[in-house]
Amino acid sequence: MTGTTMREGVMTEADTCREFVTPRLFAAGWSTAPHAIGEQRSFTNGRIIVAGGKVRRGRQKRADYLLYFRRDFPLAVVEAKEVGLPAETGVQQAREYAEILGLKFAYATNGRRIIEIDYTTGTEREVERYATPDELFTRLTAATQLPQVATDHLLEPFNLVSGKVPRYYQSIAIHRVIEAALLGQKRILATLATGTGKTCVAFQICWKLWNSRWNRTGEYRRPKILFLADRNILVDDPMAKMFAPFGDARHKIAVGDVSQSRDMYFGIYQALATSTEDVFRQYRPDFFDLIIIDECHRGSSRDESAWRAVLDYFSSAVQFGMTATPLRQESRDSYEYFGNPVYTYSLRQGIEDGFLAPYRVHRVITTVDAAGWRPSKDEIDRYGREVPDDEYQTKDFERVVALRSRTRAMARHLTDLLKGTDRFAKTLVFCVDQEHAAEMRQELLNLNSDLVMQYPDYVCRVTADEGALGLTHLANFQDVDKPTPVILTTSQLLTTGVDAEMVKNVVLARVVGSRSEFKQIVGRGTRLKVDYGKEYFNIIDFTGTATRHFADPEFDGDPARIEEVTIDDTGDVVDAVDNEGTGVAEPEGEYNVDPTPGGADETGGTVLGDLPDEPRKFYIDGGEVEVIGHLVYDLDTDGKKLQVVKYTEYSGRAVRTLYPTRESLQSAWADPDTRSEVLRELTERGISFEELASSSEQPDADPFDLLCHLAWNAPLFTRRQRAEAARRRSEDLFAQYGEAAREILTLLLDRYIERGILQFSALSELMKVQPFDRFGSPTEIAARHFGGVRGMKDAVSRLQSALYQ
């Protein structure tokens, strides 16, 4: 065997990269400016996993190399494996990363051999060298048919003055939109989940095109750009913050203020097209080169929309629509107007990548929601009117009939939940209408009077009626450094456009029939603020909305766990019913309620009768509510359907999915090197041994036995029983060593009885504490009593194997 071969035989992946891969990338010109090599680049944060009340991060996705044609424009990914493995070993991962990152080229290598994957030609072949930057870029532009004169616009650097570097999916969206515009596409759509930074995407697109002097006519001038939305909050905040680098080039269009000397314009439809004047017609039809429509699913893409006239008037401009939830129904079809999105980044992917907060769903049922409510004979309401004899369901509450006791029960339950967790956890309560939001605010205020005495704005209503005062409450709610308001009650106003990173509870006190609106509401809580302790959030569902939407196969968000409880008129939770498939059925009925006058809009509730002064609905101030049950919903093993299941049953099912037989689990568990992989896979599925031991009431069981018992109904052993059996099986092992070594091994078994096997994964740290430290340092213990570090590790490994024979 030659020296080189021997050296390669013990080389790690890092050695392979250093000695073989990096030099060959340098030789191909990737290290020469303006090109660049990015080594060990993580492009996701790792999913946030909540298990047993503890939060941890899953694995980040990390590329061995990213090859950049320019600082902000990657062209290829390289996946390296150690010399001793075939180059083909890295092909699948190279492909996976290239597809996630939207790259057309990927390489898999073991240092000696190079496999090139070219998505522009659909080929995969072994090559002698890495392609140069110019070679790959030429291939890319040829495949996309991008004119050479347009590449400067595509390659214009990002504006990084804020210090925020666009995430990988934002970069893909930016480049896809610009590429589509450069190829002459006039209507462009991008779909990005709420909380994933659509405003950042819009800003960088505008900056790259503005700074590189792109315009639709090809003249040497900066473009005229309009950022368009339907609410002031959606344009004022970006204009003041994200788009600040545009400086004096910014201008907000308003009645009587239609300056035409700026470049970066902002406006809302209502200001451009008032009831008395079409302000937008004061600009030439060809004035704008690019129009960005934020939340484009709301209104502008409808054929009959008055706002559609604005887009039609500026039809010569490139129109770029952004949304988290494009509609695929009726004529409000964003897809029909803009075409299919050039890029989609879903809520599910955002949670998987660790950029969005995961969520736990609490399904709370009052008896009237489960069984319906029917008035007693000749029952009259608050205003002396006889209530029509009918069976009223969830969809009718606060629309046709208002049950004050139901609102009070919801408020009490929410208050108790906050008292049991965090009374200063920012909470949004979505009510049926403004009146319902006012009643909910009053109930919550009275239930939290101890805090209201100190913080008068602890709970506030924010609806259209509050005007400037409501916006002040909202601004304080959004400020991470202000403790109050803690609870905001609303109906429609806060379903979108509210960037409140610290929202920890989203409460559904009204039915949300529209999937797009539900996604927007869920998006109020998905923003992360880890440094302030916001790592996940709760959806507290009083109407069955969340359970129903999550069960929809077309909905792209998976809850970590759905907890269902039932409360009475005082808001108290009843004991859990058994979860063997029994429990309370979801309230039935049609939930697609029309949010127009007569429905649950921001101006009020259902109108009854023709008289203008007649109350809008029937008001019932009395009544009793009974308690029914407590269910827990979890996803099935495919992550697609919610089903009623205990946590212990879910854990057993997850184990069987990973390890079909007890023997396969035992083999992986007994080996310390593979046990860590078992633990990682279980943790990523939300399985916590502390919670499992508590749920099964088996605090002394070994984790392995607990898993086998739940998965295959195997006998349960305590840790003490396993330790005693291992001691008998290990007589030969103990006989090999002196008295001190035998004592150390005995102490390890005692430690296992006390605290379990998981501590063995950090053996060197374990040896530093009592009672092991009296034998010396970890290095001294290994040298004096076990013949070295390898000998000690071997002894401990054999002891662990004996535990699980």
# chains A, B, ... in the order shown; residues from 1 in each chain; ligands from 1
call {"tool": "residues_around", "arguments": {"residues": "Ala714 in chain A", "least_positions_apart": "2", "cutoff": "12 Å", "atoms": "only C-alpha atoms", "output": "number ranges by chain"}}
result
A: 652, 661-663, 704-712, 716-717
call {"tool": "write_last_selection", "arguments": {"atoms": "N, CA and C atoms", "output": "PDB file, in the first residue's frame"}}
result
ATOM      1  N   GLY A 652     -45.762   5.377  20.330  1.00  0.00           N
ATOM      2  CA  GLY A 652     -45.586   3.994  19.903  1.00  0.00           C
ATOM      3  C   GLY A 652     -45.670   3.843  18.405  1.00  0.00           C
ATOM      4  N   THR A 661     -39.244  -3.534  13.788  1.00  0.00           N
ATOM      5  CA  THR A 661     -39.220  -4.602  14.785  1.00  0.00           C
ATOM      6  C   THR A 661     -38.504  -4.143  16.040  1.00  0.00           C
ATOM      7  N   ARG A 662     -38.786  -4.847  17.132  1.00  0.00           N
ATOM      8  CA  ARG A 662     -38.118  -4.558  18.397  1.00  0.00           C
ATOM      9  C   ARG A 662     -36.615  -4.786  18.270  1.00  0.00           C
ATOM     10  N   GLU A 663     -36.256  -5.817  17.493  1.00  0.00           N
ATOM     11  CA  GLU A 663     -34.834  -6.151  17.336  1.00  0.00           C
ATOM     12  C   GLU A 663     -34.062  -5.041  16.637  1.00  0.00           C
ATOM     13  N   PHE A 704     -35.686   2.783  26.684  1.00  0.00           N
ATOM     14  CA  PHE A 704     -35.796   1.733  25.674  1.00  0.00           C
ATOM     15  C   PHE A 704     -36.991   0.831  25.962  1.00  0.00           C
ATOM     16  N   ASP A 705     -37.133   0.433  27.228  1.00  0.00           N
ATOM     17  CA  ASP A 705     -38.258  -0.429  27.595  1.00  0.00           C
ATOM     18  C   ASP A 705     -39.587   0.283  27.404  1.00  0.00           C
ATOM     19  N   LEU A 706     -39.601   1.561  27.713  1.00  0.00           N
ATOM     20  CA  LEU A 706     -40.827   2.338  27.550  1.00  0.00           C
ATOM     21  C   LEU A 706     -41.242   2.384  26.084  1.00  0.00           C
ATOM     22  N   LEU A 707     -40.275   2.600  25.199  1.00  0.00           N
ATOM     23  CA  LEU A 707     -40.564   2.629  23.762  1.00  0.00           C
ATOM     24  C   LEU A 707     -41.062   1.271  23.275  1.00  0.00           C
ATOM     25  N   CYS A 708     -40.391   0.190  23.718  1.00  0.00           N
ATOM     26  CA  CYS A 708     -40.795  -1.152  23.285  1.00  0.00           C
ATOM     27  C   CYS A 708     -42.172  -1.518  23.830  1.00  0.00           C
ATOM     28  N   HIS A 709     -42.462  -1.095  25.043  1.00  0.00           N
ATOM     29  CA  HIS A 709     -43.763  -1.378  25.641  1.00  0.00           C
ATOM     30  C   HIS A 709     -44.881  -0.671  24.863  1.00  0.00           C
ATOM     31  N   LEU A 710     -44.637   0.592  24.498  1.00  0.00           N
ATOM     32  CA  LEU A 710     -45.661   1.349  23.788  1.00  0.00           C
ATOM     33  C   LEU A 710     -45.809   0.889  22.345  1.00  0.00           C
ATOM     34  N   ALA A 711     -44.696   0.455  21.734  1.00  0.00           N
ATOM     35  CA  ALA A 711     -44.737   0.083  20.319  1.00  0.00           C
ATOM     36  C   ALA A 711     -45.173  -1.362  20.103  1.00  0.00           C
ATOM     37  N   TRP A 712     -44.719  -2.276  20.984  1.00  0.00           N
ATOM     38  CA  TRP A 712     -44.991  -3.713  20.767  1.00  0.00           C
ATOM     39  C   TRP A 712     -45.563  -4.412  21.999  1.00  0.00           C
ATOM     40  N   LEU A 716     -42.278  -4.361  30.673  1.00  0.00           N
ATOM     41  CA  LEU A 716     -41.563  -3.190  31.181  1.00  0.00           C
ATOM     42  C   LEU A 716     -40.569  -3.613  32.251  1.00  0.00           C
ATOM     43  N   PHE A 717     -39.352  -3.075  32.164  1.00  0.00           N
ATOM     44  CA  PHE A 717     -38.348  -3.293  33.194  1.00  0.00           C
ATOM     45  C   PHE A 717     -37.953  -1.944  33.783  1.00  0.00           C
TER      46      PHE A 717
END
call {"tool": "residues_around", "arguments": {"residues": "Ile115 in chain A", "least_positions_apart": "2", "cutoff": "12 Å", "atoms": "only C-alpha atoms", "output": "ChimeraX atom specification"}}
result
/A:77-81,86-92,94-95,105-113,117-118,123-131
call {"tool": "residues_around", "arguments": {"residues": "Ile540 in chain A", "least_positions_apart": "5", "cutoff": "9 Å", "atoms": "only C-alpha atoms", "output": "list in words"}}
result
Arg360, Val361, His362, Arg363, Val364, Leu414, Asn505, Val506, Val507, Leu508, Ala509 and Ala546 of chain A
call {"tool": "residues_around", "arguments": {"residues": "Cys296 in chain A", "least_positions_apart": "6", "cutoff": "12 Å", "atoms": "only C-alpha atoms", "output": "PyMOL selection string"}}
result
chain A and resi 187-192+198+227-231+234+269+302+307-308+311+319-327+332-335+337-338+516
call {"tool": "write_last_selection", "arguments": {"atoms": "N, CA, C and O atoms", "output": "CSV table (one decimal), in the first residue's frame"}}
result
chain,number,residue,atom,x,y,z
A,187,ARG,N,-47.2,40.2,-16.2
A,187,ARG,CA,-47.8,39.9,-14.9
A,187,ARG,C,-47.1,38.8,-14.2
A,187,ARG,O,-47.0,37.7,-14.8
A,188,ILE,N,-46.7,39.0,-13.0
A,188,ILE,CA,-45.9,38.1,-12.3
A,188,ILE,C,-46.4,37.9,-10.9
A,188,ILE,O,-46.9,38.8,-10.2
A,189,LEU,N,-46.5,36.6,-10.4
A,189,LEU,CA,-47.0,36.3,-9.1
A,189,LEU,C,-46.0,35.6,-8.3
A,189,LEU,O,-45.3,34.6,-8.8
A,190,ALA,N,-45.8,35.9,-7.0
A,190,ALA,CA,-45.0,35.1,-6.1
A,190,ALA,C,-45.8,34.9,-4.8
A,190,ALA,O,-46.5,35.8,-4.3
A,191,THR,N,-45.8,33.7,-4.3
A,191,THR,CA,-46.6,33.3,-3.1
A,191,THR,C,-45.6,33.0,-2.0
A,191,THR,O,-44.9,32.0,-2.1
A,192,LEU,N,-45.6,33.8,-1.0
A,192,LEU,CA,-44.8,33.5,0.2
A,192,LEU,C,-45.6,33.6,1.5
A,192,LEU,O,-46.4,34.5,1.6
A,198,LYS,N,-42.1,39.2,2.7
A,198,LYS,CA,-42.5,39.6,1.3
A,198,LYS,C,-42.0,41.0,1.1
A,198,LYS,O,-41.6,41.4,0.0
A,227,PHE,N,-45.7,51.0,-5.4
A,227,PHE,CA,-46.0,50.0,-4.4
A,227,PHE,C,-47.4,50.2,-4.0
A,227,PHE,O,-47.7,51.2,-3.4
A,228,LEU,N,-48.3,49.2,-4.3
A,228,LEU,CA,-49.7,49.4,-4.1
A,228,LEU,C,-50.3,48.4,-3.2
A,228,LEU,O,-49.9,47.2,-3.2
A,229,ALA,N,-51.2,48.9,-2.3
A,229,ALA,CA,-51.9,48.0,-1.3
A,229,ALA,C,-53.3,48.5,-1.0
A,229,ALA,O,-53.7,49.5,-1.6
A,230,ASP,N,-54.0,47.9,-0.1
A,230,ASP,CA,-55.3,48.3,0.1
A,230,ASP,C,-55.5,48.9,1.6
A,230,ASP,O,-56.6,49.2,2.0
A,231,ARG,N,-54.4,49.0,2.3
A,231,ARG,CA,-54.5,49.5,3.7
A,231,ARG,C,-53.2,50.4,3.9
A,231,ARG,O,-52.1,50.1,3.5
A,234,LEU,N,-50.1,48.9,5.3
A,234,LEU,CA,-49.3,48.1,4.4
A,234,LEU,C,-48.3,48.9,3.5
A,234,LEU,O,-47.4,48.3,2.9
A,269,TYR,N,-55.3,51.8,-2.9
A,269,TYR,CA,-56.3,51.9,-4.0
A,269,TYR,C,-57.3,53.1,-3.6
A,269,TYR,O,-57.7,53.8,-4.5
A,302,ARG,N,-59.9,40.9,-9.1
A,302,ARG,CA,-61.3,40.6,-9.4
A,302,ARG,C,-61.7,41.4,-10.7
A,302,ARG,O,-61.4,42.6,-10.7
A,307,TRP,N,-61.0,48.6,-8.0
A,307,TRP,CA,-59.6,48.8,-8.0
A,307,TRP,C,-58.9,48.2,-9.3
A,307,TRP,O,-57.8,48.6,-9.6
A,308,ARG,N,-59.6,47.3,-9.9
A,308,ARG,CA,-59.0,46.7,-11.1
A,308,ARG,C,-58.8,47.8,-12.2
A,308,ARG,O,-57.9,47.6,-13.0
A,311,LEU,N,-55.2,48.9,-12.2
A,311,LEU,CA,-54.2,48.1,-12.9
A,311,LEU,C,-54.4,48.1,-14.4
A,311,LEU,O,-53.5,48.0,-15.2
A,319,GLN,N,-46.5,44.2,-13.8
A,319,GLN,CA,-47.3,44.1,-12.6
A,319,GLN,C,-46.9,42.8,-11.8
A,319,GLN,O,-47.1,41.7,-12.3
A,320,PHE,N,-46.4,43.1,-10.6
A,320,PHE,CA,-45.9,42.0,-9.8
A,320,PHE,C,-46.8,41.8,-8.5
A,320,PHE,O,-46.8,42.7,-7.7
A,321,GLY,N,-47.5,40.7,-8.4
A,321,GLY,CA,-48.4,40.5,-7.3
A,321,GLY,C,-47.7,39.6,-6.2
A,321,GLY,O,-47.1,38.6,-6.5
A,322,MET,N,-47.9,40.0,-4.9
A,322,MET,CA,-47.4,39.3,-3.8
A,322,MET,C,-48.5,38.9,-2.9
A,322,MET,O,-49.4,39.7,-2.6
A,323,THR,N,-48.5,37.7,-2.4
A,323,THR,CA,-49.5,37.2,-1.5
A,323,THR,C,-49.1,36.0,-0.7
A,323,THR,O,-48.1,35.3,-1.1
A,324,ALA,N,-49.7,35.8,0.4
A,324,ALA,CA,-49.5,34.6,1.1
A,324,ALA,C,-50.5,33.5,0.8
A,324,ALA,O,-50.3,32.4,0.9
A,325,THR,N,-51.7,34.0,0.3
A,325,THR,CA,-52.8,33.1,0.0
A,325,THR,C,-53.6,33.5,-1.2
A,325,THR,O,-54.6,34.1,-1.2
A,326,PRO,N,-53.0,33.3,-2.4
A,326,PRO,CA,-53.8,33.6,-3.6
A,326,PRO,C,-55.1,32.7,-3.7
A,326,PRO,O,-55.1,31.6,-3.3
A,327,LEU,N,-56.2,33.3,-4.1
A,327,LEU,CA,-57.4,32.6,-4.1
A,327,LEU,C,-57.6,31.8,-5.4
A,327,LEU,O,-57.1,32.3,-6.5
A,332,ARG,N,-62.4,35.9,-8.2
A,332,ARG,CA,-61.3,36.6,-7.5
A,332,ARG,C,-60.1,35.7,-7.6
A,332,ARG,O,-59.6,35.2,-6.6
A,333,ASP,N,-59.6,35.4,-8.8
A,333,ASP,CA,-58.6,34.4,-9.0
A,333,ASP,C,-57.3,35.1,-9.4
A,333,ASP,O,-57.1,35.5,-10.5
A,334,SER,N,-56.4,35.1,-8.4
A,334,SER,CA,-55.1,35.7,-8.7
A,334,SER,C,-54.4,35.0,-9.8
A,334,SER,O,-53.6,35.6,-10.5
A,335,TYR,N,-54.6,33.7,-9.8
A,335,TYR,CA,-53.9,32.9,-10.8
A,335,TYR,C,-54.3,33.2,-12.2
A,335,TYR,O,-53.5,33.3,-13.1
A,337,TYR,N,-55.4,36.1,-13.2
A,337,TYR,CA,-54.9,37.4,-13.6
A,337,TYR,C,-53.4,37.4,-13.8
A,337,TYR,O,-52.9,37.9,-14.8
A,338,PHE,N,-52.7,36.9,-12.8
A,338,PHE,CA,-51.2,37.0,-12.9
A,338,PHE,C,-50.6,35.8,-13.5
A,338,PHE,O,-49.4,35.8,-13.9
A,516,SER,N,-58.0,31.1,2.8
A,516,SER,CA,-57.0,32.2,2.7
A,516,SER,C,-57.0,33.1,3.9
A,516,SER,O,-56.0,33.5,4.4
call {"tool": "residues_around", "arguments": {"residues": "range 460-476 of chain A", "least_positions_apart": "3", "cutoff": "6 Å", "atoms": "only C-alpha atoms", "output": "CSV table (one decimal) with all heavy atoms, in the first residue's frame"}}
result
chain,number,residue,atom,x,y,z
A,479,ASP,N,-44.8,46.7,19.8
A,479,ASP,CA,-43.5,47.1,20.4
A,479,ASP,C,-43.1,46.0,21.4
A,479,ASP,O,-43.7,45.8,22.4
A,479,ASP,CB,-43.6,48.4,21.1
A,479,ASP,CG,-42.3,49.0,21.5
A,479,ASP,OD1,-41.3,48.2,21.7
A,479,ASP,OD2,-42.2,50.2,21.6
A,488,LEU,N,-55.5,41.9,22.6
A,488,LEU,CA,-56.3,42.8,21.6
A,488,LEU,C,-57.5,41.9,21.1
A,488,LEU,O,-57.3,40.8,20.7
A,488,LEU,CB,-55.5,43.2,20.4
A,488,LEU,CG,-54.3,44.2,20.7
A,488,LEU,CD1,-53.7,44.6,19.4
A,488,LEU,CD2,-54.7,45.4,21.5
A,489,THR,N,-58.7,42.5,21.2
A,489,THR,CA,-59.9,41.9,20.6
A,489,THR,C,-60.2,42.6,19.3
A,489,THR,O,-60.1,43.8,19.3
A,489,THR,CB,-61.1,41.9,21.5
A,489,THR,OG1,-61.5,43.2,21.7
A,489,THR,CG2,-60.8,41.3,22.9
A,490,THR,N,-60.5,41.8,18.3
A,490,THR,CA,-60.8,42.4,17.0
A,490,THR,C,-61.7,41.5,16.2
A,490,THR,O,-62.2,40.5,16.7
A,490,THR,CB,-59.5,42.6,16.2
A,490,THR,OG1,-59.7,43.3,15.0
A,490,THR,CG2,-58.8,41.3,15.9
A,493,LEU,N,-60.1,43.6,11.3
A,493,LEU,CA,-59.1,44.6,11.0
A,493,LEU,C,-57.7,44.0,11.1
A,493,LEU,O,-56.8,44.4,10.3
A,493,LEU,CB,-59.2,45.8,12.0
A,493,LEU,CG,-58.3,47.0,11.7
A,493,LEU,CD1,-58.7,47.6,10.4
A,493,LEU,CD2,-58.5,48.0,12.8
call {"tool": "select_by_dssp", "arguments": {"residues": "range 134-290 of chain A", "states": "helix (DSSP H, G or I)", "output": "number ranges by chain"}}
result
A: 134-144, 148-155, 168-182, 198-211, 232-240, 244-249, 269-272, 279-282
call {"tool": "closest_residue", "arguments": {"among": "A:Asn448, A:Ser730, A:Asn340, A:Thr132", "to": "Tyr68 in chain A", "atoms": "only C-alpha atoms"}}
result
A:Thr132
call {"tool": "select_by_dssp", "arguments": {"residues": "range 11-211 of chain A", "states": "strand (DSSP E)", "output": "PyMOL selection string"}}
result
chain A and resi 36-42+48-51+54-57+62-70+73-80+105-109+114-118+123-127+187-192
call {"tool": "residues_around", "arguments": {"residues": "Glu379 in chain A", "least_positions_apart": "4", "cutoff": "10 Å", "atoms": "only C-alpha atoms", "output": "PyMOL selection string"}}
result
chain A and resi 374-375+384-389+620
call {"tool": "closest_residue", "arguments": {"among": "A:Phe775, A:Phe689, A:Tyr345, A:Phe618", "to": "Ile380 in chain A", "atoms": "only C-alpha atoms"}}
result
A:Phe618
call {"tool": "atom_distance", "arguments": {"atom1": "CA of Ala173 in chain A", "atom2": "CA of Lys519 in chain A"}}
result
20.2 Å
call {"tool": "residues_around", "arguments": {"residues": "Gln805 in chain A", "least_positions_apart": "2", "cutoff": "9 Å", "atoms": "only C-alpha atoms", "output": "PyMOL selection string"}}
result
chain A and resi 666+670+726+729+801-803
call {"tool": "write_last_selection", "arguments": {"atoms": "all heavy atoms", "output": "short mmCIF file (atom, residue, chain, number, x, y, z; two decimals), in the first residue's frame"}}
result
data_model
loop_
_atom_site.label_atom_id
_atom_site.label_comp_id
_atom_site.auth_asym_id
_atom_site.auth_seq_id
_atom_site.Cartn_x
_atom_site.Cartn_y
_atom_site.Cartn_z
N GLN A 666 -33.54 -2.36 19.18
CA GLN A 666 -32.57 -2.78 20.19
C GLN A 666 -31.15 -2.69 19.65
O GLN A 666 -30.24 -2.25 20.35
CB GLN A 666 -32.87 -4.21 20.63
CG GLN A 666 -31.93 -4.72 21.73
CD GLN A 666 -32.34 -6.09 22.25
OE1 GLN A 666 -33.17 -6.75 21.66
NE2 GLN A 666 -31.75 -6.52 23.35
N ALA A 670 -28.58 -0.19 21.55
CA ALA A 670 -27.49 -0.75 22.36
C ALA A 670 -26.14 -0.15 22.01
O ALA A 670 -25.25 -0.08 22.86
CB ALA A 670 -27.47 -2.27 22.20
N ALA A 726 -27.42 -6.70 34.06
CA ALA A 726 -26.17 -6.38 33.37
C ALA A 726 -24.96 -6.73 34.24
O ALA A 726 -23.92 -7.19 33.73
CB ALA A 726 -26.14 -4.89 33.01
N ARG A 729 -24.33 -10.37 33.91
CA ARG A 729 -23.82 -10.73 32.59
C ARG A 729 -22.38 -10.27 32.37
O ARG A 729 -21.72 -10.73 31.45
CB ARG A 729 -24.69 -10.11 31.49
CG ARG A 729 -26.12 -10.60 31.43
CD ARG A 729 -26.79 -10.10 30.16
NE ARG A 729 -28.24 -10.25 30.19
CZ ARG A 729 -29.10 -9.27 30.41
NH1 ARG A 729 -28.65 -8.04 30.62
NH2 ARG A 729 -30.39 -9.49 30.44
N SER A 801 -23.88 -2.38 26.30
CA SER A 801 -24.43 -3.50 25.53
C SER A 801 -25.04 -4.54 26.45
O SER A 801 -26.08 -5.13 26.15
CB SER A 801 -23.32 -4.13 24.67
OG SER A 801 -22.84 -3.20 23.71
N ALA A 802 -24.38 -4.75 27.60
CA ALA A 802 -24.90 -5.72 28.57
C ALA A 802 -26.25 -5.27 29.13
O ALA A 802 -27.11 -6.10 29.45
CB ALA A 802 -23.89 -5.91 29.71
N LEU A 803 -26.44 -3.99 29.24
CA LEU A 803 -27.72 -3.48 29.75
C LEU A 803 -28.87 -3.86 28.84
O LEU A 803 -30.01 -4.03 29.29
CB LEU A 803 -27.66 -1.96 29.89
CG LEU A 803 -26.92 -1.39 31.11
CD1 LEU A 803 -26.70 0.10 30.95
CD2 LEU A 803 -27.69 -1.69 32.38
#
call {"tool": "atom_distance", "arguments": {"atom1": "CA of Arg527 in chain A", "atom2": "CA of Leu356 in chain A"}}
result
5.6 Å
call {"tool": "closest_residue", "arguments": {"among": "A:Leu665, A:Leu140, A:Val459, A:Leu763", "to": "Lys793 in chain A", "atoms": "only C-alpha atoms"}}
result
A:Leu763
